file work-v9.cif (mmCIF, C-alpha atoms)
data_work
#
loop_
_atom_site.label_atom_id
_atom_site.label_comp_id
_atom_site.auth_asym_id
_atom_site.auth_seq_id
_atom_site.Cartn_x
_atom_site.Cartn_y
_atom_site.Cartn_z
CA MET A 95 0.00 0.00 0.00
CA TYR A 96 1.54 3.30 -1.13
CA LEU A 97 5.04 1.88 -1.50
CA PHE A 98 5.25 2.96 -5.12
CA SER A 99 8.66 3.45 -6.70
CA LYS A 100 9.54 6.27 -9.08
CA CYS A 101 9.03 5.89 -12.83
CA ARG A 102 12.27 4.69 -14.46
CA GLU A 103 12.04 7.23 -17.27
CA ALA A 104 14.78 9.80 -16.75
CA GLY A 105 13.44 13.06 -15.36
CA CYS A 106 9.95 11.71 -14.64
CA SER A 107 8.74 12.41 -11.11
CA HIS A 108 5.59 10.28 -11.23
CA PHE A 109 5.22 6.94 -9.51
CA ALA A 110 5.26 3.71 -11.48
CA VAL A 111 1.85 2.14 -12.02
CA SER A 112 0.97 -1.41 -11.02
CA ASP A 113 1.35 -4.37 -13.33
CA VAL A 114 0.12 -7.95 -13.25
CA ASP A 115 2.62 -10.81 -13.55
CA ALA A 116 2.21 -14.05 -15.54
CA ASN A 117 0.58 -15.77 -12.53
CA GLY A 118 -2.03 -13.05 -12.24
CA ASN A 119 -0.49 -11.50 -9.11
CA LEU A 120 -0.38 -7.75 -8.66
CA ILE A 121 2.99 -6.02 -8.78
CA GLU A 122 2.19 -2.95 -6.72
CA SER A 123 4.67 -0.70 -8.47
CA ALA A 124 6.26 -1.85 -11.72
CA ASP A 125 8.69 0.11 -13.91
CA PHE A 126 7.03 3.10 -15.53
CA CYS A 127 4.22 5.56 -14.92
CA TYR A 128 1.25 5.24 -17.27
CA ALA A 129 2.47 8.05 -19.55
CA HIS A 130 5.78 6.26 -20.12
CA THR A 131 4.37 2.74 -20.40
CA LYS A 132 5.12 1.47 -23.89
CA ASP A 133 2.09 -0.77 -24.38
CA LYS A 134 -0.69 1.19 -22.71
CA GLU A 135 -3.44 -0.94 -24.25
CA GLN A 136 -1.99 -4.16 -22.86
CA LEU A 137 -1.48 -2.66 -19.37
CA GLN A 138 -5.05 -1.39 -19.37
CA GLN A 139 -6.36 -4.84 -20.29
CA LYS A 140 -4.30 -6.46 -17.52
CA ILE A 141 -5.60 -4.01 -14.91
CA TYR A 142 -9.18 -4.44 -16.19
CA SER A 143 -9.01 -8.23 -15.97
CA TYR A 144 -7.34 -8.05 -12.52
CA ILE A 145 -10.18 -5.87 -11.24
CA SER A 146 -12.88 -8.02 -12.81
CA SER A 147 -11.39 -11.26 -11.45
CA HIS A 148 -10.86 -9.99 -7.87
CA ASP A 149 -13.44 -8.70 -5.42
CA LYS A 150 -10.86 -7.32 -3.00
CA ILE A 151 -8.17 -5.10 -4.51
CA VAL A 152 -5.35 -3.85 -2.29
CA GLY A 153 -2.57 -1.40 -3.16
CA LEU A 154 -3.33 -0.99 -6.87
CA ASN A 155 -1.74 2.04 -8.55
CA ALA A 156 -3.78 2.76 -11.68
CA SER A 157 -2.95 6.45 -11.85
CA GLY A 158 -3.67 7.95 -15.27
CA LEU A 159 -5.72 5.07 -16.67
CA THR A 160 -9.13 5.32 -18.35
CA PHE A 161 -12.00 3.23 -17.02
CA THR A 162 -14.98 2.98 -19.34
CA ASN A 163 -18.10 0.88 -18.86
CA ILE A 164 -16.43 -1.37 -16.27
CA ASP A 165 -18.57 -3.06 -13.62
CA LEU A 166 -17.33 -2.27 -10.10
CA THR A 167 -20.40 -3.63 -8.30
CA ASN A 168 -19.51 -4.97 -4.85
CA LYS A 169 -15.77 -4.45 -5.49
CA ARG A 170 -13.65 -3.51 -2.48
CA PHE A 171 -10.68 -1.17 -2.94
CA TYR A 172 -8.13 -0.65 -0.16
CA GLY A 173 -5.22 1.78 -0.45
CA CYS A 174 -5.53 2.15 -4.23
CA ASP A 175 -4.35 5.11 -6.30
CA PHE A 176 -6.73 6.22 -9.06
CA SER A 177 -5.47 9.80 -9.30
CA ASN A 178 -5.63 11.54 -12.70
CA CYS A 179 -7.88 8.79 -14.09
CA LEU A 180 -10.92 9.11 -16.34
CA PHE A 181 -14.05 7.24 -15.26
CA SER A 182 -16.77 7.20 -17.85
CA GLY A 183 -20.05 5.33 -18.00
CA ILE A 184 -19.47 3.39 -14.78
CA LYS A 185 -22.71 1.91 -13.47
CA THR A 186 -22.21 0.29 -10.11
CA SER A 187 -23.67 -0.13 -6.65
CA GLY A 188 -22.34 -1.35 -3.35
CA MET A 189 -18.71 -0.47 -4.07
CA ARG A 190 -16.51 -0.25 -0.96
CA VAL A 191 -13.47 2.03 -0.87
CA ARG A 192 -10.97 2.66 1.93
CA LEU A 193 -7.87 4.91 2.02
CA SER A 194 -7.89 5.36 -1.74
CA ASN A 195 -6.89 8.35 -3.83
CA PHE A 196 -9.04 9.64 -6.72
CA SER A 197 -7.46 13.12 -6.77
CA PHE A 198 -7.69 15.13 -10.00
CA SER A 199 -9.70 12.38 -11.74
CA VAL A 200 -12.56 13.06 -14.10
CA PHE A 201 -15.91 11.30 -13.68
CA THR A 202 -18.56 11.55 -16.37
CA ASP A 203 -21.95 9.83 -16.52
CA CYS A 204 -21.24 7.51 -13.59
CA ASN A 205 -23.52 5.87 -11.04
CA PHE A 206 -21.86 5.04 -7.73
CA ILE A 207 -25.14 4.51 -5.87
CA LYS A 208 -25.06 2.92 -2.41
CA SER A 209 -21.29 3.10 -2.27
CA ASN A 210 -19.36 2.95 0.97
CA VAL A 211 -16.32 5.22 0.75
CA LEU A 212 -14.36 5.99 3.90
CA PHE A 213 -11.24 8.11 4.38
CA SER A 214 -10.52 8.60 0.68
CA SER A 215 -9.62 11.62 -1.43
CA TYR A 216 -11.38 13.06 -4.49
CA SER A 217 -9.55 16.37 -4.21
CA GLY A 218 -9.53 18.38 -7.45
CA ALA A 219 -11.75 15.83 -9.21
CA LYS A 220 -14.32 16.82 -11.82
CA PHE A 221 -17.82 15.32 -11.68
CA SER A 222 -20.30 15.63 -14.50
CA HIS A 223 -23.60 13.73 -14.26
CA VAL A 224 -22.38 11.57 -11.39
CA LEU A 225 -24.68 9.97 -8.82
CA PHE A 226 -23.53 9.01 -5.33
CA THR A 227 -27.14 8.62 -4.17
CA GLY A 228 -27.63 6.63 -0.97
CA SER A 229 -23.90 6.35 -0.23
CA ASP A 230 -21.86 6.44 2.96
CA MET A 231 -19.01 8.86 2.21
CA ILE A 232 -17.53 9.45 5.62
CA GLN A 233 -14.43 11.59 6.17
CA ASP A 234 -13.69 11.97 2.47
CA ASN A 235 -11.79 14.81 0.81
CA PHE A 236 -13.75 16.67 -1.90
CA ASN A 237 -11.64 19.86 -1.70
CA GLY A 238 -11.46 21.74 -4.97
CA ILE A 239 -13.90 19.51 -6.83
CA SER A 240 -15.95 20.80 -9.75
CA SER A 241 -19.36 19.21 -9.76
CA PHE A 242 -21.94 19.67 -12.49
CA GLN A 243 -25.42 18.10 -12.45
CA SER A 244 -24.45 15.55 -9.85
CA SER A 245 -26.15 14.15 -6.78
CA PHE A 246 -25.13 13.21 -3.26
CA ASP A 247 -28.78 12.77 -2.20
CA ASP A 248 -29.61 10.50 0.77
CA SER A 249 -25.92 10.15 1.62
CA ASP A 250 -23.94 10.26 4.82
CA LEU A 251 -21.16 12.83 4.32
CA TYR A 252 -20.08 12.97 7.95
CA SER A 253 -16.80 14.89 8.42
CA SER A 254 -16.12 15.16 4.67
CA TYR A 255 -14.46 18.32 3.33
CA PHE A 256 -15.67 20.41 0.35
CA ILE A 257 -13.24 23.34 0.70
CA LYS A 258 -13.05 25.55 -2.44
CA ALA A 259 -15.50 23.26 -4.25
CA LYS A 260 -17.33 24.55 -7.32
CA LEU A 261 -20.87 23.16 -7.22
CA ILE A 262 -23.31 23.68 -10.08
CA ASP A 263 -26.74 22.01 -10.18
CA THR A 264 -25.61 19.64 -7.46
CA SER A 265 -27.88 18.31 -4.75
CA PHE A 266 -27.25 17.31 -1.14
CA ARG A 267 -30.87 16.49 -0.28
CA ASN A 268 -31.59 14.47 2.86
CA CYS A 269 -27.89 14.10 3.67
CA ASN A 270 -26.12 13.83 6.97
CA ILE A 271 -23.66 16.72 6.76
CA LYS A 272 -22.65 16.82 10.41
CA GLU A 273 -19.08 18.16 10.71
CA THR A 274 -18.96 18.46 6.90
CA VAL A 275 -16.83 21.46 5.90
CA PHE A 276 -17.94 23.80 3.07
CA TYR A 277 -15.41 26.67 3.37
CA GLU A 278 -15.22 29.02 0.36
CA ILE A 279 -17.43 26.97 -1.96
CA SER A 280 -19.00 28.53 -5.00
CA GLN A 281 -22.51 27.32 -5.61
CA GLN A 282 -25.15 27.69 -8.26
CA ASN A 283 -28.48 25.92 -7.90
CA VAL A 284 -27.30 23.73 -5.03
CA SER A 285 -29.90 22.14 -2.77
CA PHE A 286 -29.38 21.14 0.86
CA ARG A 287 -33.07 20.45 1.44
CA GLN A 288 -33.80 18.18 4.43
CA SER A 289 -30.11 17.98 5.31
CA ASN A 290 -28.85 18.95 8.77
CA THR A 291 -27.18 22.19 7.66
CA ASN A 292 -27.07 23.40 11.28
CA ALA A 293 -24.47 20.73 12.02
CA ALA A 294 -22.32 21.51 8.96
CA ILE A 295 -19.50 24.07 8.90
CA PHE A 296 -19.95 26.71 6.18
CA ASP A 297 -17.90 29.55 7.62
CA LYS A 298 -14.45 29.46 9.12
CA ARG A 299 -15.66 31.28 12.22
CA GLY A 300 -18.45 28.81 12.82
CA SER A 301 -21.57 30.67 11.73
CA ALA A 302 -22.46 33.04 8.94
CA LEU A 303 -24.49 35.02 11.49
CA PHE A 304 -21.28 36.50 12.88
CA THR A 305 -19.82 37.53 9.55
CA GLY A 306 -18.94 41.23 9.52
CA LEU A 307 -19.40 41.86 13.23
CA GLN A 308 -16.07 43.43 14.16
CA GLU A 309 -16.47 42.92 17.89
CA LEU A 310 -16.64 39.19 17.30
CA ASP A 311 -13.72 39.09 14.89
CA VAL A 312 -10.78 37.02 15.98
CA PRO A 313 -7.65 39.15 16.61
CA GLN A 314 -5.15 39.15 13.79
CA GLY A 315 -2.71 36.26 13.98
CA VAL A 316 -4.93 33.95 15.97
CA GLN A 317 -6.11 30.87 14.12
CA LYS A 318 -9.79 30.95 13.29
CA GLY A 319 -12.10 27.98 13.28
CA PRO A 320 -12.25 24.98 15.59
CA SER A 321 -9.17 24.47 17.74
CA LEU A 322 -7.61 21.06 17.26
CA MET B 254 3.05 -2.31 4.02
CA LYS B 255 -0.60 -2.07 5.02
CA ILE B 256 -2.28 0.89 6.67
CA TYR B 257 -5.38 0.62 8.83
CA HIS B 258 -7.24 3.75 9.85
CA HIS B 259 -9.08 4.10 13.16
CA LEU B 260 -11.14 7.12 14.12
CA ASP B 261 -11.64 8.40 17.65
CA PHE B 262 -15.05 10.07 17.52
CA ALA B 263 -14.41 12.13 20.66
CA LYS B 264 -12.25 14.69 18.83
CA LEU B 265 -12.29 13.08 15.40
CA THR B 266 -8.65 12.11 15.85
CA ASN B 267 -7.11 9.68 13.39
CA CYS B 268 -5.04 6.75 14.59
CA TYR B 269 -3.06 4.63 12.13
CA LEU B 270 -1.91 1.05 12.43
CA ILE B 271 0.95 0.40 10.00
CA VAL B 272 1.88 -3.18 9.30
CA ASN B 273 4.99 -4.67 7.78
CA GLU B 274 3.51 -7.68 6.01
CA ILE B 275 6.86 -9.44 5.67
CA SER B 276 8.05 -9.31 9.27
CA ARG B 277 4.49 -9.21 10.74
CA GLU B 278 5.58 -6.25 12.87
CA ALA B 279 3.30 -3.30 13.43
CA LEU B 280 3.52 0.27 14.62
CA ILE B 281 0.85 2.73 15.69
CA ILE B 282 0.88 6.43 14.93
CA ASP B 283 -0.99 8.59 17.47
CA PRO B 284 -2.75 6.09 19.74
CA CYS B 285 -5.87 8.07 20.64
CA LYS B 286 -8.69 5.94 21.99
CA ILE B 287 -7.74 2.27 21.91
CA SER B 288 -10.77 0.50 20.51
CA ASN B 289 -11.64 -3.18 20.57
CA ASP B 290 -11.31 -3.14 16.77
CA LEU B 291 -7.70 -1.99 16.95
CA ILE B 292 -6.71 -4.65 19.48
CA ALA B 293 -8.68 -7.31 17.58
CA GLN B 294 -6.89 -6.36 14.37
CA ILE B 295 -3.47 -6.81 15.99
CA GLU B 296 -4.46 -10.08 17.66
CA ARG B 297 -6.41 -11.63 14.80
CA ASP B 298 -3.58 -11.24 12.32
CA ASN B 299 -0.95 -12.04 14.93
CA TYR B 300 1.04 -8.83 14.49
CA LYS B 301 3.82 -7.88 16.87
CA LEU B 302 3.37 -4.29 17.98
CA SER B 303 6.93 -3.03 18.14
CA ALA B 304 6.59 0.76 18.23
CA VAL B 305 4.31 3.71 18.85
CA LEU B 306 5.03 7.02 17.13
CA ILE B 307 3.64 10.26 18.54
CA THR B 308 3.27 13.31 16.29
CA HIS B 309 2.98 15.79 19.17
CA LYS B 310 2.16 16.01 22.84
CA HIS B 311 -1.53 16.81 22.82
CA THR B 312 -3.57 14.41 24.93
CA ASN B 313 -5.98 13.40 22.19
CA HIS B 314 -3.04 12.08 20.16
CA TYR B 315 -1.50 9.81 22.77
CA ARG B 316 -4.12 9.13 25.42
CA GLY B 317 -4.27 5.44 24.50
CA LEU B 318 -0.60 4.91 25.31
CA LYS B 319 -1.23 3.74 28.90
CA THR B 320 -3.80 1.22 27.70
CA LEU B 321 -1.41 -0.17 25.11
CA ARG B 322 1.37 -0.36 27.71
CA LYS B 323 -0.77 -2.75 29.77
CA ILE B 324 -1.01 -5.16 26.85
CA TYR B 325 2.14 -4.87 24.74
CA ASP B 326 5.83 -4.19 25.09
CA PHE B 327 6.97 -1.60 22.53
CA SER B 328 9.20 1.42 21.98
CA VAL B 329 7.85 4.97 21.94
CA TYR B 330 9.17 7.60 19.54
CA ALA B 331 8.40 11.30 20.01
CA ALA B 332 10.06 14.69 20.24
CA ASP B 333 8.94 15.31 23.83
CA ASN B 334 10.45 13.35 26.71
CA GLU B 335 7.43 13.76 28.99
CA ILE B 336 5.15 11.49 26.97
CA SER B 337 6.36 8.30 28.62
CA ASP B 338 9.34 7.10 30.65
CA SER B 339 11.22 5.28 27.94
CA THR B 340 10.64 7.53 24.96
CA THR B 341 13.22 7.63 22.19
CA ILE B 342 13.60 11.34 21.54
CA LEU B 343 13.62 12.41 17.90
CA LYS B 344 15.34 15.67 17.04
CA ASP B 345 15.45 17.60 13.78
CA ASP B 346 15.16 15.34 10.71
CA GLY B 347 16.36 11.80 10.13
CA VAL B 348 15.54 8.20 9.30
CA LYS B 349 15.05 5.22 11.60
CA LYS B 350 14.35 1.57 10.96
CA ILE B 351 11.20 0.84 12.93
CA ALA B 352 9.20 -2.39 12.61
CA GLY B 353 11.35 -3.23 9.61
CA LEU B 354 10.21 -0.10 7.79
CA ASP B 355 12.23 2.98 6.91
CA VAL B 356 10.60 5.77 8.87
CA GLU B 357 11.69 9.28 7.94
CA TYR B 358 10.89 12.04 10.42
CA PHE B 359 10.87 15.80 10.10
CA SER B 360 10.62 18.31 12.91
CA LEU B 361 7.91 20.86 12.05
CA PRO B 362 7.17 23.08 15.06
CA GLY B 363 4.42 25.68 14.95
CA HIS B 364 1.23 23.95 16.04
CA SER B 365 3.22 22.71 19.01
CA ALA B 366 6.93 22.93 19.79
CA ASP B 367 7.38 19.15 19.47
CA SER B 368 5.42 18.54 16.25
CA ILE B 369 6.92 15.81 14.09
CA VAL B 370 5.87 14.49 10.69
CA TYR B 371 6.61 10.86 9.79
CA LYS B 372 7.06 9.52 6.27
CA ILE B 373 6.67 5.81 5.56
CA GLY B 374 6.72 4.76 1.93
CA ASN B 375 4.89 7.48 0.03
CA VAL B 376 2.70 8.44 2.95
CA LEU B 377 3.18 11.39 5.29
CA PHE B 378 1.61 11.19 8.73
CA THR B 379 1.36 14.85 9.61
CA GLY B 380 -0.48 14.98 12.95
CA ASP B 381 -1.77 18.52 13.37
CA VAL B 382 0.80 20.19 11.09
CA ILE B 383 -1.35 20.16 7.96
CA PHE B 384 -4.87 18.94 7.20
CA ALA B 385 -6.91 18.69 4.01
CA GLY B 386 -7.47 22.36 3.14
CA THR B 387 -6.07 23.99 6.29
CA ILE B 388 -3.03 23.95 8.55
CA GLY B 389 -2.79 23.33 12.28
CA SER B 390 -3.78 26.04 14.73
CA SER B 391 -1.04 28.17 16.21
CA SER B 392 -0.88 30.51 19.18
CA CYS B 393 0.39 33.64 17.40
CA SER B 394 1.32 35.01 14.01
CA TYR B 395 5.01 34.21 14.58
CA THR B 396 4.40 30.49 15.14
CA LYS B 397 1.96 30.45 12.23
CA LYS B 398 4.62 31.89 9.94
CA HIS B 399 7.16 29.43 11.31
CA LEU B 400 4.73 26.57 10.62
CA CYS B 401 3.99 27.82 7.09
CA ASN B 402 7.71 28.09 6.32
CA GLY B 403 8.29 24.58 7.63
CA ILE B 404 5.44 23.16 5.54
CA LYS B 405 6.72 24.99 2.49
CA SER B 406 10.30 23.76 2.83
CA LYS B 407 9.71 20.23 4.07
CA ILE B 408 6.31 19.06 2.78
CA LEU B 409 5.48 21.02 -0.35
CA THR B 410 8.88 20.19 -1.84
CA MET B 411 7.92 16.52 -1.94
CA ASN B 412 6.42 14.70 -4.90
CA ASP B 413 2.88 15.95 -5.66
CA GLU B 414 1.60 12.38 -5.49
CA THR B 415 2.77 11.91 -1.89
CA ILE B 416 -0.21 11.02 0.28
CA ILE B 417 -0.90 13.01 3.45
CA MET B 418 -2.70 11.28 6.31
CA PRO B 419 -3.38 13.95 8.93
CA GLY B 420 -4.28 13.76 12.61
CA HIS B 421 -7.80 15.02 11.90
CA GLY B 422 -10.00 14.91 8.81
CA PRO B 423 -9.66 13.08 5.52
CA MET B 424 -6.52 12.08 3.67
CA THR B 425 -5.11 14.33 0.98
CA SER B 426 -1.99 14.71 -1.16
CA VAL B 427 0.84 17.21 -1.51
CA GLY B 428 -0.43 18.26 -4.96
CA ALA B 429 -3.93 18.87 -3.62
CA GLU B 430 -2.66 21.01 -0.74
CA LYS B 431 -0.60 23.15 -3.09
CA GLU B 432 -3.82 23.95 -4.97
CA PHE B 433 -6.57 24.07 -2.37
CA ASN B 434 -5.12 24.79 1.07
CA LEU B 435 -6.72 27.97 2.42
CA ASP B 436 -3.84 28.80 4.74
CA LEU B 437 -1.06 28.31 2.23
CA ASP B 438 -1.88 31.09 -0.18
CA SER B 439 -0.35 31.45 -3.60
CA GLN B 440 2.06 34.12 -2.28
CA MET B 441 4.08 31.34 -0.75
CA PHE B 442 5.07 29.92 -4.09
CA VAL B 443 6.33 33.17 -5.56
#
call {"tool": "encode", "arguments": {"input": "work-v9.cif", "output": "structure tokens"}}
result
Amino acid sequence: MYLFSKCREAGCSHFAVSDVDANGNLIESADFCYAHTKDKEQLQQKIYSYISSHDKIVGLNASGLTFTNIDLTNKRFYGCDFSNCLFSGIKTSGMRVRLSNFSFSVFTDCNFIKSNVLFSSYSGAKFSHVLFTGSDMIQDNFNGISSFQSSFDDSDLYSSYFIKAKLIDTSFRNCNIKETVFYEISQQNVSFRQSNTNAAIFDKRGSALFTGLQELDVPQGVQKGPSL
Amino acid sequence: MKIYHHLDFAKLTNCYLIVNEISREALIIDPCKISNDLIAQIERDNYKLSAVLITHKHTNHYRGLKTLRKIYDFSVYAADNEISDSTTILKDDGVKKIAGLDVEYFSLPGHSADSIVYKIGNVLFTGDVIFAGTIGSSSCSYTKKHLCNGIKSKILTMNDETIIMPGHGPMTSVGAEKEFNLDLDSQMFV
């Protein structure tokens, strides 16, 4: 898990992606990153067949790959790296994810309904027509995401972070957003209907009610927000 | 290497169990509340707990140490000598072989004087130094600047794909923090 070695291409700073050996075993970090892999098609096929033949996938580095119309129903991912990937047309339910990294990936026309995603990162990801409806997405990182016509309805987003997120036509209806952080989001047609917005954190000082009241401002230099 | 994440709901503090799958040794980073799940995980897979690493001396990050002491015999690594009697004191930056794993450590004061960040594989365990989107609280502008400078020189210089597992909140990466951290503004990179 996250013991990836550097790509062997001179000057490349990316980590080498995983490969599958002749016996079908996962090599967590092989020789080259995806961009410098000579036979990308073959690597993609190997990773696809590894995922489809295993229900529990641990320590896979598939950074940069494209996943189209692959069935991830009831798959379990632990400590996997899917950063900078493209997910398109994924229709799945009941996927379980732990400690995995989807940073800066692009998701289009995907259904991840009833997923269970804990302690994972989607930071900087782009979502277009993506459904997470009815999912448990606890303590996940959605900082800097761009979301367009997507839905987190009926989900548990406890202690997830949406700092600097750009949300357009995105809905958080009937969600548990206790301890969920929404600092500096930009929103357009976003619905939080029937969600516990009183338990979420929208402003760094705790409540928008205090915004602009100088007597309640924190002195310069003192850290604002909850003390940890 | 395998990483297991445990969450203490009292202050939403993260505790990590790191396992060396070859030697079956394990280490814990920030033992907050010791749950039955954590003990069961060590016992079920027959791991030998050989070390506990503390990121800084705030009670919610090491309050489970006494409980662990009653069950296991292990070494404690921290920057503060008051955490337990037999603590191995870590100063400045360096590398140690712990539980068969190469553990790099970096001193990063600011949130507290004894804050230390550990790096195992491609994962940084940052305690309260940096979180997803923010940095740790500090008592004055001087310590905040000191913390920012430390983060800039020791964390943000690492590979963008390096994973950050903080003491509170979700995991993130160095690349993500360069882009979206509210406390590390773009002025820092000029």
call {"tool": "interface_residues", "arguments": {"input": "work-v9.cif", "of": "chain A", "to": "chain B", "cutoff": "9 Å", "atoms": "all atoms listed in the file", "output": "PDB file with C-alpha atoms, in the coordinates of the input"}}
result
ATOM      1  CA  MET A  95       0.000   0.000   0.000  1.00  0.00           C
ATOM      2  CA  TYR A  96       1.540   3.300  -1.130  1.00  0.00           C
ATOM      3  CA  LEU A  97       5.040   1.880  -1.500  1.00  0.00           C
ATOM      4  CA  PHE A  98       5.250   2.960  -5.120  1.00  0.00           C
ATOM      5  CA  SER A  99       8.660   3.450  -6.700  1.00  0.00           C
ATOM      6  CA  SER A 107       8.740  12.410 -11.110  1.00  0.00           C
ATOM      7  CA  HIS A 108       5.590  10.280 -11.230  1.00  0.00           C
ATOM      8  CA  PHE A 109       5.220   6.940  -9.510  1.00  0.00           C
ATOM      9  CA  VAL A 152      -5.350  -3.850  -2.290  1.00  0.00           C
ATOM     10  CA  GLY A 153      -2.570  -1.400  -3.160  1.00  0.00           C
ATOM     11  CA  GLY A 173      -5.220   1.780  -0.450  1.00  0.00           C
ATOM     12  CA  SER A 177      -5.470   9.800  -9.300  1.00  0.00           C
ATOM     13  CA  ARG A 192     -10.970   2.660   1.930  1.00  0.00           C
ATOM     14  CA  LEU A 193      -7.870   4.910   2.020  1.00  0.00           C
ATOM     15  CA  SER A 194      -7.890   5.360  -1.740  1.00  0.00           C
ATOM     16  CA  ASN A 195      -6.890   8.350  -3.830  1.00  0.00           C
ATOM     17  CA  SER A 197      -7.460  13.120  -6.770  1.00  0.00           C
ATOM     18  CA  PHE A 198      -7.690  15.130 -10.000  1.00  0.00           C
ATOM     19  CA  LEU A 212     -14.360   5.990   3.900  1.00  0.00           C
ATOM     20  CA  PHE A 213     -11.240   8.110   4.380  1.00  0.00           C
ATOM     21  CA  SER A 214     -10.520   8.600   0.680  1.00  0.00           C
ATOM     22  CA  SER A 215      -9.620  11.620  -1.430  1.00  0.00           C
ATOM     23  CA  TYR A 216     -11.380  13.060  -4.490  1.00  0.00           C
ATOM     24  CA  SER A 217      -9.550  16.370  -4.210  1.00  0.00           C
ATOM     25  CA  GLY A 218      -9.530  18.380  -7.450  1.00  0.00           C
ATOM     26  CA  ILE A 232     -17.530   9.450   5.620  1.00  0.00           C
ATOM     27  CA  GLN A 233     -14.430  11.590   6.170  1.00  0.00           C
ATOM     28  CA  ASP A 234     -13.690  11.970   2.470  1.00  0.00           C
ATOM     29  CA  ASN A 235     -11.790  14.810   0.810  1.00  0.00           C
ATOM     30  CA  ASN A 237     -11.640  19.860  -1.700  1.00  0.00           C
ATOM     31  CA  GLY A 238     -11.460  21.740  -4.970  1.00  0.00           C
ATOM     32  CA  SER A 253     -16.800  14.890   8.420  1.00  0.00           C
ATOM     33  CA  SER A 254     -16.120  15.160   4.670  1.00  0.00           C
ATOM     34  CA  TYR A 255     -14.460  18.320   3.330  1.00  0.00           C
ATOM     35  CA  PHE A 256     -15.670  20.410   0.350  1.00  0.00           C
ATOM     36  CA  ILE A 257     -13.240  23.340   0.700  1.00  0.00           C
ATOM     37  CA  LYS A 258     -13.050  25.550  -2.440  1.00  0.00           C
ATOM     38  CA  TYR A 277     -15.410  26.670   3.370  1.00  0.00           C
ATOM     39  CA  GLU A 278     -15.220  29.020   0.360  1.00  0.00           C
ATOM     40  CA  GLN A 314      -5.150  39.150  13.790  1.00  0.00           C
ATOM     41  CA  GLY A 315      -2.710  36.260  13.980  1.00  0.00           C
ATOM     42  CA  VAL A 316      -4.930  33.950  15.970  1.00  0.00           C
ATOM     43  CA  GLN A 317      -6.110  30.870  14.120  1.00  0.00           C
ATOM     44  CA  LYS A 318      -9.790  30.950  13.290  1.00  0.00           C
ATOM     45  CA  GLY A 319     -12.100  27.980  13.280  1.00  0.00           C
ATOM     46  CA  PRO A 320     -12.250  24.980  15.590  1.00  0.00           C
ATOM     47  CA  SER A 321      -9.170  24.470  17.740  1.00  0.00           C
ATOM     48  CA  LEU A 322      -7.610  21.060  17.260  1.00  0.00           C
TER      49      LEU A 322
END
call {"tool": "closest_residue", "arguments": {"input": "work-v9.cif", "among": "B:Thr312, B:Ser368, B:Asn299, B:Thr410", "to": "Asp345 in chain B", "atoms": "only C-alpha atoms"}}
result
B:Ser368
call {"tool": "residues_near_point", "arguments": {"input": "work-v9.cif", "point": "(-15.1, 0.5, -15.7)", "cutoff": "12 Å", "atoms": "all atoms listed in the file", "output": "ChimeraX atom specification"}}
result
/A:138-139,141-146,159-167,169,179-186,201-206
call {"tool": "resolve_selection", "arguments": {"input": "work-v9.cif", "expression": "the PyMOL selection byres ((chain A and resi 262) around 6)", "output": "VMD selection string"}}
result
chain A and resid 241 to 242 261 263 to 264 281 to 282
call {"tool": "residues_around", "arguments": {"input": "work-v9.cif", "residues": "Ala124 in chain A", "least_positions_apart": "3", "cutoff": "12 Å", "atoms": "only C-alpha atoms", "output": "PyMOL selection string"}}
result
chain A and resi 97-102+109-115+120-121+127-128+130-131+137+154-156
call {"tool": "atom_distance", "arguments": {"input": "work-v9.cif", "atom1": "CA of Val272 in chain B", "atom2": "CA of Leu343 in chain B"}}
result
21.3 Å
call {"tool": "axis_aligned_box", "arguments": {"input": "work-v9.cif", "around": "range 338-342 of chain B", "padding_each_side": "8 Å", "output": "AutoDock Vina command-line options"}}
result
--center_x 11.5 --center_y 8.3 --center_z 26.1 --size_x 20.3 --size_y 22.1 --size_z 25.1
call {"tool": "residues_around", "arguments": {"input": "work-v9.cif", "residues": "Arg267 in chain A", "least_positions_apart": "3", "cutoff": "12 Å", "atoms": "all atoms listed in the file", "output": "list in words"}}
result
Phe226, Thr227, Gly228, Ser244, Ser245, Phe246, Asp247, Asp248, Ser249, Asp250, Leu251, Thr264, Asn270, Ile271, Val284, Ser285, Phe286, Arg287, Gln288, Ser289, Asn290 and Thr291 of chain A
call {"tool": "resolve_selection", "arguments": {"input": "work-v9.cif", "expression": "the PyMOL selection byres ((chain B and resi 325) around 12)", "output": "NGL selection string"}}
result
:B and (279-281 or 292 or 295-296 or 300-305 or 318-324 or 326-329)
call {"tool": "atom_distance", "arguments": {"input": "work-v9.cif", "atom1": "CA of Ala352 in chain B", "atom2": "CA of Asn267 in chain B"}}
result
20.3 Å
call {"tool": "residues_around", "arguments": {"input": "work-v9.cif", "residues": "Ser209 in chain A", "least_positions_apart": "6", "cutoff": "7 Å", "atoms": "only C-alpha atoms", "output": "count of residues only"}}
result
6
call {"tool": "residues_around", "arguments": {"input": "work-v9.cif", "residues": "Phe359 in chain B", "least_positions_apart": "3", "cutoff": "12 Å", "atoms": "all atoms listed in the file", "output": "VMD selection string"}}
result
chain B and resid 308 331 to 332 343 to 349 356 362 367 to 373 377 to 380 382 403 to 404 406 to 408
